[in-house]
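Report on the structure given below.
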Amino acid sequence: MSIYSYPVLLAAIFSFIAGCIIYNSNRKSQNNISFSLFCFSLFVWLFGYVIAYSTKSEKTALFFCRVACTGAMFTAPAFYHFSVSFTEKINEVKFVVLSYVTMLLIVPFSMSSHLFLSGVYKYYWGYYSKAGYLHPLYLTIFFGMFLRSFYLLWKERKRKDLDPKRRVQIKYIFTAYILALIGAIDYIPKYGIEVFPFGFLLEISFVIIVAYAIFRHQLLDIEIVIKRTIVFASLFAIVFGIFVGITLLIQQLIGGASNLVGLAVSSLVIVFTVRPIEIFLIRVTDKYLFQKKYDYKHLIREFMDELKTMVLNTTDIAQSTVDFLNTSIRPIISAVFMYNRFTSRYDLVASNDFKDNDLKIAGSSELVKVLGDTGKIVIIRNDNRLMSSQESIQLITLGIELIIPLLIHKELIGFLCLSKKKSDEDYSTDDTEALSDLSGALSISLNNAQLFDERADAEKRALVGTIATGINHEVGNPLNIITIKLDTFRILAKEGLLAHKTKEEIIEEVDKITKVCLDSAQRIAEITKQVSEFAKPDKKLIFGKVGISEAIDETIAFLKHGMILDSEKIDKRILCEPAYVFADRGQLKQILFNLIKNASHAIDKEKGKIIVNVDKSNSSEIAIKIIDNGHGMPKEVKDKVFTPFFTTKEPGKGTGLGLALVKIMVDRNNAKIKVESEEGKGTTFTLIFKGGFL
C-alpha cells in the first residue's frame, strides 16, 4: 500500500463504523437513515481511492476511481435527504427522491463511459480520476443539492419560535456543512492540477462534528445502541478470552485427550460469571461513558429522599414531581392523577402543558384495571388490552406514552403520565427502572399527604364542634338580653302600661331598647364571624404587616368564646414597643391559637398560667414566646412534637396534628419555631418572625 493511502483508509473505516452505529440506533428514523447513507457514500468514495493510490495497474486504478466517484456523487443527495428530514419539510420529499434518481441515472455513464470520467492522472500520491466532458454538468447538479440543503437549514435557523436546543443543533450542522463543502477541493486534481486531495479530512470532520452533536446535544437517538454495542462487544471479548484461556490451560495440564473436560470447565465458569461481568460493564458504561444518565439517576434518588420530608400537601407534592421530571427526564407532557373517593374517579391534580385539564378517568375503566392488576409501568401503544379503552385512546391522542401506577398495599391511589421526551428518545430500561423506584416513594408521600389532609380536616371539624358548644353560652347571653328587652316592651305596650307616658318618653325608651339589642346583635355577629373565619378552608396566603398585640387579643377572645380557656389564665406581655410581623394574618392567628390551646392542655386547672411574651429578637426579627407552667415534656417527646400523627393523648382524644400543622404554617410564613421544655417545670414555644415596630 502507498503511504498516502493509510490516512484515507482510516477515514473510510471510521465512516463505515459511524454509519453502521447510527443506522442501527433507529432504523425507522429518516434522520438516522439519511445520515448513515452519507457515511456509507463517504466510505465508498474513500475506499475506492485507497485502492487507486495503492495499485500499479492503470486499468485497476480507473475502475476504482469510477467506484470512488460514484460514492462521492451520492454524498450530495444523502445530505439533502438529511436536511429535509431534519427540518421536516414534507413538501421536499419528492425532490429528495428526484435527487437520488438523478444520481442513479448518471452512475452507468460514470462507470462505463468517458463523458464524466475520461481516465486517470498519475500523481505523486498515486492514480487519480480525470474529469470528462460532462463533469461540470455533474458538479452543477452536485453543488445545487448542497446549496438547497444550505437554504433549508438557514431558513430553519431563522425561525423565531425555534427551540434553543434545536438552534444549537443547527449551529453544529452548519459548521459541519461548511467544512464538507470546502472538502469539495478534492475535485481540483481531476482537472490536472497536482494538489493533494486532503478534502477527505474535512468530510471526516463533518462526520465528527455531527457525531459530537449526536452525543452532546442529542441530535439523533443513538446513545442506547452505543451503550449496548460497547457492553456486548466487551462481554463477548471477555467471555471468549475466558473460554479459550481455560480450555487451552486444561489441555496443557491434562493433555490433548481431554478436550471435552476443558470445554466443560470453560462452559461452567462462563455460566457463573457472564451475568456479573455484564452488570459490571453496564455500571462502568453508565458511570464513565454516559455520565449524564448516571447523574440523572442520582438526581432521582435525591428527589426520592426529598419526598420523604416534603410538606404534607397532595397538590404541592404532585406539582413538585412534575417540575422535577420536566428538568430531569424532560418529557413534553407530564401529569399526575389522584383517586377521588367521593366521585370514584381519578382527577388531574398537577401537570405541565396538558391539553385537557378537565380530563377525568373513571375508576372502573380498563386502564385503571390493567394498572391495578399488573402494578407495572405501562406503554399504552404496546398493550393490546388498552387499545379499545376510551380513556387510553384519549390519553394517546393527547400524546401520553408511559403510565406509571402509584400503589399502596396493591391499591391504585393514582398514576403518573408521561409523553415522549423532548429529545425524541425512547424510554430505556434504565429510565423505567428509575421511574419505578420513584413511583414507590411518590406513592408513599402522596398517601401520607392524603391521610394528613383527611385527619387535619377531621380535627378541625371536631374543634369547631367543641367551640360551637362553648359559644352557645357566649351567644346565649346577648340573645337573652334581646329577647327580654323586646318581650318586656311588647307586654307593656299590650297591657296599656305605656299609655300614661308621653310620645317623647316612649321614643326614648324604644331608643334605649334598640341600642341594647344592637349592641347584643353586634356581639353575636363578632363571635359568629370569628368562628366562620376559623372554620372555612384556607384562602390564598396574603402576606403583610400584622400587629402582634391585636392578633394576640383576637386569638385570646376566640379561645374565651369557645370556653377553651379562661382569659384570666393568660398574661400578655409586650416587652418592646408596639411591633408587627410580616405574615399572613389568618395563619398567624391559627399558629397562636394552636400553641395557646396546646399549652392550656398542659397546665393545672387552678394554678396554671400561660404567658404570651413579645420582644425583639434582633433589629429585623420579632420573637413571640408562649410559656406555660404545666407538666413539661421528656426529651423523647419534645423531639417528636412536630411529627405528624404523634400524640401522647389516649386513643380517640387527639390526632397529633395540631403542632404538625403549626410547623407547616410557620414554614409557609418564612418563620422559625423552637421548643424548650423540662419535665415538671413547663414548656416554652418560641416563634421568630421577620418584622419591626409600628
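Here, A, B, ... name the chains of the C-alpha cells in the order displayed, residue numbers run from 1 inside each chain, and ligands are numbered from 1 in the same displayed order.
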Determine, counting only C-alpha atoms, which protein, DNA and RNA residues have an atom within 12 Å of an atom of Asp519 of chain A; residues of the same chain fewer than 6 positions away are not included. Present the result as a list of chain:residue names.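 These residues fall inside the cut-off: A:Asn477, A:Pro478, A:Leu479, A:Ile481, A:Ile482, A:Lys512, A:Ile513, A:Ala525, A:Glu526.
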Go ahead and save the residues from that selection, with N, CA, C and O atoms, as a PDB file, in the first residue's frame.
ATOM      1  N   ASN A 477     -76.165  34.693  76.109  1.00  0.00           N
ATOM      2  CA  ASN A 477     -76.347  35.901  76.939  1.00  0.00           C
ATOM      3  C   ASN A 477     -76.900  37.080  76.143  1.00  0.00           C
ATOM      4  O   ASN A 477     -77.927  37.661  76.529  1.00  0.00           O
ATOM      5  N   PRO A 478     -76.272  37.485  75.066  1.00  0.00           N
ATOM      6  CA  PRO A 478     -76.847  38.613  74.310  1.00  0.00           C
ATOM      7  C   PRO A 478     -78.209  38.286  73.710  1.00  0.00           C
ATOM      8  O   PRO A 478     -79.068  39.167  73.594  1.00  0.00           O
ATOM      9  N   LEU A 479     -78.433  37.011  73.341  1.00  0.00           N
ATOM     10  CA  LEU A 479     -79.749  36.641  72.814  1.00  0.00           C
ATOM     11  C   LEU A 479     -80.825  36.789  73.885  1.00  0.00           C
ATOM     12  O   LEU A 479     -81.948  37.261  73.616  1.00  0.00           O
ATOM     13  N   ILE A 481     -80.721  38.823  76.409  1.00  0.00           N
ATOM     14  CA  ILE A 481     -80.936  40.260  76.629  1.00  0.00           C
ATOM     15  C   ILE A 481     -81.888  40.820  75.582  1.00  0.00           C
ATOM     16  O   ILE A 481     -82.837  41.559  75.902  1.00  0.00           O
ATOM     17  N   ILE A 482     -81.646  40.460  74.301  1.00  0.00           N
ATOM     18  CA  ILE A 482     -82.506  40.940  73.218  1.00  0.00           C
ATOM     19  C   ILE A 482     -83.943  40.469  73.429  1.00  0.00           C
ATOM     20  O   ILE A 482     -84.909  41.246  73.320  1.00  0.00           O
ATOM     21  N   LYS A 512     -83.489  53.278  73.870  1.00  0.00           N
ATOM     22  CA  LYS A 512     -82.637  52.528  74.806  1.00  0.00           C
ATOM     23  C   LYS A 512     -82.661  51.032  74.492  1.00  0.00           C
ATOM     24  O   LYS A 512     -81.622  50.354  74.486  1.00  0.00           O
ATOM     25  N   ILE A 513     -83.900  50.525  74.262  1.00  0.00           N
ATOM     26  CA  ILE A 513     -84.034  49.081  73.958  1.00  0.00           C
ATOM     27  C   ILE A 513     -83.299  48.746  72.654  1.00  0.00           C
ATOM     28  O   ILE A 513     -82.595  47.732  72.543  1.00  0.00           O
ATOM     29  N   ALA A 525     -72.647  38.849  66.177  1.00  0.00           N
ATOM     30  CA  ALA A 525     -72.045  38.886  64.838  1.00  0.00           C
ATOM     31  C   ALA A 525     -70.534  38.704  64.912  1.00  0.00           C
ATOM     32  O   ALA A 525     -69.931  37.994  64.099  1.00  0.00           O
ATOM     33  N   GLU A 526     -69.889  39.352  65.890  1.00  0.00           N
ATOM     34  CA  GLU A 526     -68.440  39.233  66.048  1.00  0.00           C
ATOM     35  C   GLU A 526     -68.037  37.799  66.361  1.00  0.00           C
ATOM     36  O   GLU A 526     -67.070  37.265  65.816  1.00  0.00           O
TER      37      GLU A 526
END
Extract, using only C-alpha atoms, all DNA, RNA and protein residues at most 8 Å from segment 368-381 of chain A, discarding same-chain residues fewer than 6 positions from it, and format them as a PyMOL selection string. chain A and resi 362+387+392+396+400-405+407+410-412+432+436
Expressed in Å, the length from atom CA of Thr555 of chain A to atom CA of Glu676 of chain A is 22.6 Å
If you run DSSP on the backbone, which residues of segment 503-682 of chain A are strand (DSSP E), as number ranges by chain? A: 543-547, 570-574, 579-584, 610-618, 621-628, 672-678, 682
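Between Gly19 of chain A and the candidates A:Ile33, A:Ala61, A:Ala599, A:Leu348, the tightest atom-to-atom separation, counting only C-alpha atoms, involves A:Ile33.
Once Ile611 of chain A and its same-chain neighbours fewer than 6 positions away are set aside, Lys569, Ile570, Asp571, Lys572, Arg573, Lys625, Ile626, Ile627, Asp628 and Asn629 of chain A remain within 9 Å of it when counting only C-alpha atoms.
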Nearest-residue call for Ile13 of chain A, choices A:Ile178, A:Val637, A:Leu42, A:Leu153, using only C-alpha atoms: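 Residue with the minimum atom-to-atom distance to Ile13 of chain A: A:Leu42.
Distances to Ile317 of chain A were evaluated for A:Thr686, A:Thr87, A:Thr55, A:Ser351 using only C-alpha atoms, and the minimum falls at A:Ser351.
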I'd like the contact shell of Gly691 of chain A - 7 Å cut-off, only C-alpha atoms, skipping same-chain residues fewer than 4 positions apart - returned as a PDB file with N, CA and C atoms, in the first residue's frame.
ATOM      1  N   TYR A 580     -44.903  44.697  64.751  1.00  0.00           N
ATOM      2  CA  TYR A 580     -45.631  43.958  63.715  1.00  0.00           C
ATOM      3  C   TYR A 580     -44.732  42.839  63.205  1.00  0.00           C
ATOM      4  N   VAL A 581     -45.347  41.839  62.613  1.00  0.00           N
ATOM      5  CA  VAL A 581     -44.591  40.789  61.928  1.00  0.00           C
ATOM      6  C   VAL A 581     -45.085  40.710  60.489  1.00  0.00           C
ATOM      7  N   PHE A 582     -44.219  40.227  59.621  1.00  0.00           N
ATOM      8  CA  PHE A 582     -44.594  40.066  58.217  1.00  0.00           C
ATOM      9  C   PHE A 582     -45.097  38.639  58.041  1.00  0.00           C
ATOM     10  N   SER A 620     -34.293  43.068  62.917  1.00  0.00           N
ATOM     11  CA  SER A 620     -35.256  42.775  61.840  1.00  0.00           C
ATOM     12  C   SER A 620     -36.164  41.594  62.154  1.00  0.00           C
ATOM     13  N   GLU A 621     -36.124  41.090  63.395  1.00  0.00           N
ATOM     14  CA  GLU A 621     -36.942  39.930  63.764  1.00  0.00           C
ATOM     15  C   GLU A 621     -37.629  40.162  65.104  1.00  0.00           C
ATOM     16  N   ILE A 622     -38.818  39.581  65.213  1.00  0.00           N
ATOM     17  CA  ILE A 622     -39.616  39.673  66.438  1.00  0.00           C
ATOM     18  C   ILE A 622     -39.817  38.262  66.993  1.00  0.00           C
TER      19      ILE A 622
END
Tyr121 of chain A environment, 9 Å, only C-alpha atoms, sequence neighbours closer than 3 positions dropped, as a PyMOL selection string: chain A and resi 126-130+189-190+192
Need the shell around Lys635 of chain A: protein/DNA/RNA residues with any atom at most 12 Å away, counting only C-alpha atoms. Skip same-chain ones fewer than 2 positions apart. Format as a list in words? Gly632, Met633, Val637, Lys638, Asp639, Lys640, Val641, Val675, Glu676, Ser677, Glu678, Glu679 and Thr683 of chain A
Using atom CA of Pro108 of chain A and atom CA of Leu10 of chain A as the two end points, give the distance in Å to one decimal.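 Spanning atom CA of Pro108 of chain A to atom CA of Leu10 of chain A is a straight-line distance of 28.6 Å.
Residues lying within 10 Å of Val546 of chain A, counting only C-alpha atoms and ignoring same-chain neighbours fewer than 2 positions away, are Phe543, Gly544, Ile548, Ser549, Glu550, Ala551, Ala579, Tyr580, Val581, Phe582, Ala583, Asp584, Arg585, Gly586, Leu588, Gly691 and Leu694 of chain A.
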Using C-alpha atoms, can you export the residues from the last selection as an mmCIF file, in the first residue's frame?
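Result file part.cif:
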data_model
loop_
_atom_site.group_PDB
_atom_site.id
_atom_site.type_symbol
_atom_site.label_atom_id
_atom_site.label_comp_id
_atom_site.auth_asym_id
_atom_site.auth_seq_id
_atom_site.Cartn_x
_atom_site.Cartn_y
_atom_site.Cartn_z
ATOM 1 C CA PHE A 543 -48.545 38.431 53.407
ATOM 2 C CA GLY A 544 -48.341 41.847 55.010
ATOM 3 C CA ILE A 548 -48.946 41.372 67.085
ATOM 4 C CA SER A 549 -50.857 42.801 70.047
ATOM 5 C CA GLU A 550 -54.113 42.911 68.066
ATOM 6 C CA ALA A 551 -53.622 39.355 66.730
ATOM 7 C CA ALA A 579 -44.480 45.602 66.932
ATOM 8 C CA TYR A 580 -45.631 43.958 63.715
ATOM 9 C CA VAL A 581 -44.591 40.789 61.928
ATOM 10 C CA PHE A 582 -44.594 40.066 58.217
ATOM 11 C CA ALA A 583 -47.040 37.153 57.851
ATOM 12 C CA ASP A 584 -50.458 36.012 56.684
ATOM 13 C CA ARG A 585 -52.907 37.360 59.290
ATOM 14 C CA GLY A 586 -55.173 34.301 59.308
ATOM 15 C CA LEU A 588 -50.602 33.861 62.386
ATOM 16 C CA GLY A 691 -40.863 42.189 61.486
ATOM 17 C CA LEU A 694 -45.202 50.283 64.435
#
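For the choices A:Asn670, A:Ala318, A:Lys171, A:Glu504, the atom-to-atom distance to Phe415 of chain A is smallest for A:Ala318 when using only C-alpha atoms.
Between atom CA of Gly399 of chain A and atom CA of Phe35 of chain A the interatomic distance comes to 27.5 Å.
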Using DSSP on the backbone, list every residue of segment 469-646 of chain A that comes out as alpha helix (DSSP H), and give them as JSON, numbers by chain. {"A": [469, 470, 471, 472, 473, 474, 475, 476, 477, 478, 479, 480, 481, 482, 483, 484, 485, 486, 487, 488, 489, 490, 491, 492, 493, 494, 503, 504, 505, 506, 507, 508, 509, 510, 511, 512, 513, 514, 515, 516, 517, 518, 519, 520, 521, 522, 523, 524, 525, 526, 527, 528, 529, 530, 531, 532, 533, 534, 535, 548, 549, 550, 551, 552, 553, 554, 555, 556, 557, 558, 559, 560, 561, 585, 586, 587, 588, 589, 590, 591, 592, 593, 594, 595, 596, 597, 598, 599, 600, 601, 602, 635, 636, 637, 638]}
Please write the residues from the selection above to a file, keeping C-alpha atoms, as a CSV table (one decimal), in the first residue's frame.
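again.csv written:
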chain,number,residue,atom,x,y,z
A,469,THR,CA,-70.8,24.1,72.1
A,470,GLY,CA,-68.9,26.6,74.2
A,471,ILE,CA,-70.2,29.5,72.1
A,472,ASN,CA,-73.8,28.6,73.0
A,473,HIS,CA,-73.1,30.3,76.3
A,474,GLU,CA,-71.5,33.4,74.8
A,475,VAL,CA,-74.2,33.8,72.2
A,476,GLY,CA,-76.9,32.9,74.7
A,477,ASN,CA,-76.3,35.9,76.9
A,478,PRO,CA,-76.8,38.6,74.3
A,479,LEU,CA,-79.7,36.6,72.8
A,480,ASN,CA,-81.4,36.5,76.2
A,481,ILE,CA,-80.9,40.3,76.6
A,482,ILE,CA,-82.5,40.9,73.2
A,483,THR,CA,-85.4,38.6,73.9
A,484,ILE,CA,-86.1,40.0,77.4
A,485,LYS,CA,-85.9,43.7,76.3
A,486,LEU,CA,-88.2,43.2,73.3
A,487,ASP,CA,-90.6,40.9,75.1
A,488,THR,CA,-90.9,43.3,78.1
A,489,PHE,CA,-91.6,46.3,75.8
A,490,ARG,CA,-94.2,44.2,73.9
A,491,ILE,CA,-96.1,43.2,77.1
A,492,LEU,CA,-96.0,46.7,78.5
A,493,ALA,CA,-97.4,48.1,75.2
A,494,LYS,CA,-100.1,45.4,75.0
A,503,LYS,CA,-94.6,60.4,73.0
A,504,GLU,CA,-91.1,61.7,73.7
A,505,GLU,CA,-90.7,59.2,76.7
A,506,ILE,CA,-91.8,56.3,74.6
A,507,ILE,CA,-89.3,57.2,71.8
A,508,GLU,CA,-86.6,57.5,74.4
A,509,GLU,CA,-87.5,54.0,75.8
A,510,VAL,CA,-87.5,52.5,72.4
A,511,ASP,CA,-84.1,54.1,71.7
A,512,LYS,CA,-82.6,52.5,74.8
A,513,ILE,CA,-84.0,49.1,74.0
A,514,THR,CA,-82.8,49.4,70.3
A,515,LYS,CA,-79.3,50.3,71.4
A,516,VAL,CA,-79.1,47.4,73.8
A,517,CYS,CA,-80.4,45.0,71.2
A,518,LEU,CA,-78.0,46.3,68.5
A,519,ASP,CA,-75.0,46.0,70.9
A,520,SER,CA,-76.0,42.4,71.7
A,521,ALA,CA,-76.5,41.6,68.0
A,522,GLN,CA,-73.1,43.1,67.2
A,523,ARG,CA,-71.6,40.9,69.9
A,524,ILE,CA,-73.2,37.8,68.3
A,525,ALA,CA,-72.0,38.9,64.8
A,526,GLU,CA,-68.4,39.2,66.0
A,527,ILE,CA,-68.5,35.8,67.6
A,528,THR,CA,-70.0,34.0,64.6
A,529,LYS,CA,-67.6,35.8,62.3
A,530,GLN,CA,-64.6,34.6,64.2
A,531,VAL,CA,-65.9,31.0,64.2
A,532,SER,CA,-66.7,31.3,60.5
A,533,GLU,CA,-63.2,32.6,59.6
A,534,PHE,CA,-61.6,29.8,61.6
A,535,ALA,CA,-63.8,27.0,60.2
A,548,ILE,CA,-48.9,41.4,67.1
A,549,SER,CA,-50.9,42.8,70.0
A,550,GLU,CA,-54.1,42.9,68.1
A,551,ALA,CA,-53.6,39.4,66.7
A,552,ILE,CA,-53.0,38.0,70.3
A,553,ASP,CA,-56.1,39.8,71.6
A,554,GLU,CA,-58.3,38.4,68.9
A,555,THR,CA,-56.9,34.9,69.5
A,556,ILE,CA,-57.5,35.1,73.2
A,557,ALA,CA,-61.0,36.3,72.7
A,558,PHE,CA,-61.7,33.4,70.4
A,559,LEU,CA,-60.4,30.9,73.0
A,560,LYS,CA,-62.6,32.6,75.6
A,561,HIS,CA,-65.7,32.4,73.3
A,585,ARG,CA,-52.9,37.4,59.3
A,586,GLY,CA,-55.2,34.3,59.3
A,587,GLN,CA,-52.3,31.8,59.7
A,588,LEU,CA,-50.6,33.9,62.4
A,589,LYS,CA,-53.8,33.7,64.5
A,590,GLN,CA,-54.1,29.9,63.8
A,591,ILE,CA,-50.5,29.4,64.9
A,592,LEU,CA,-51.1,31.3,68.2
A,593,PHE,CA,-54.5,29.6,68.7
A,594,ASN,CA,-52.9,26.1,68.4
A,595,LEU,CA,-49.9,26.9,70.6
A,596,ILE,CA,-52.0,28.5,73.4
A,597,LYS,CA,-54.7,25.7,73.2
A,598,ASN,CA,-51.8,23.2,73.4
A,599,ALA,CA,-50.5,25.0,76.5
A,600,SER,CA,-54.0,25.0,78.1
A,601,HIS,CA,-54.0,21.2,78.0
A,602,ALA,CA,-50.7,21.1,79.9
A,635,LYS,CA,-36.7,14.8,75.8
A,636,GLU,CA,-38.1,11.8,73.7
A,637,VAL,CA,-41.5,13.5,73.5
A,638,LYS,CA,-40.0,17.0,72.8
Name the closest residue to Thr70 of chain A among the candidates A:Ser41, A:Phe95, A:Met665, A:Ile185; distances are taken between atoms, counting only C-alpha atoms.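 Closest residue, counting only C-alpha atoms: A:Ser41.
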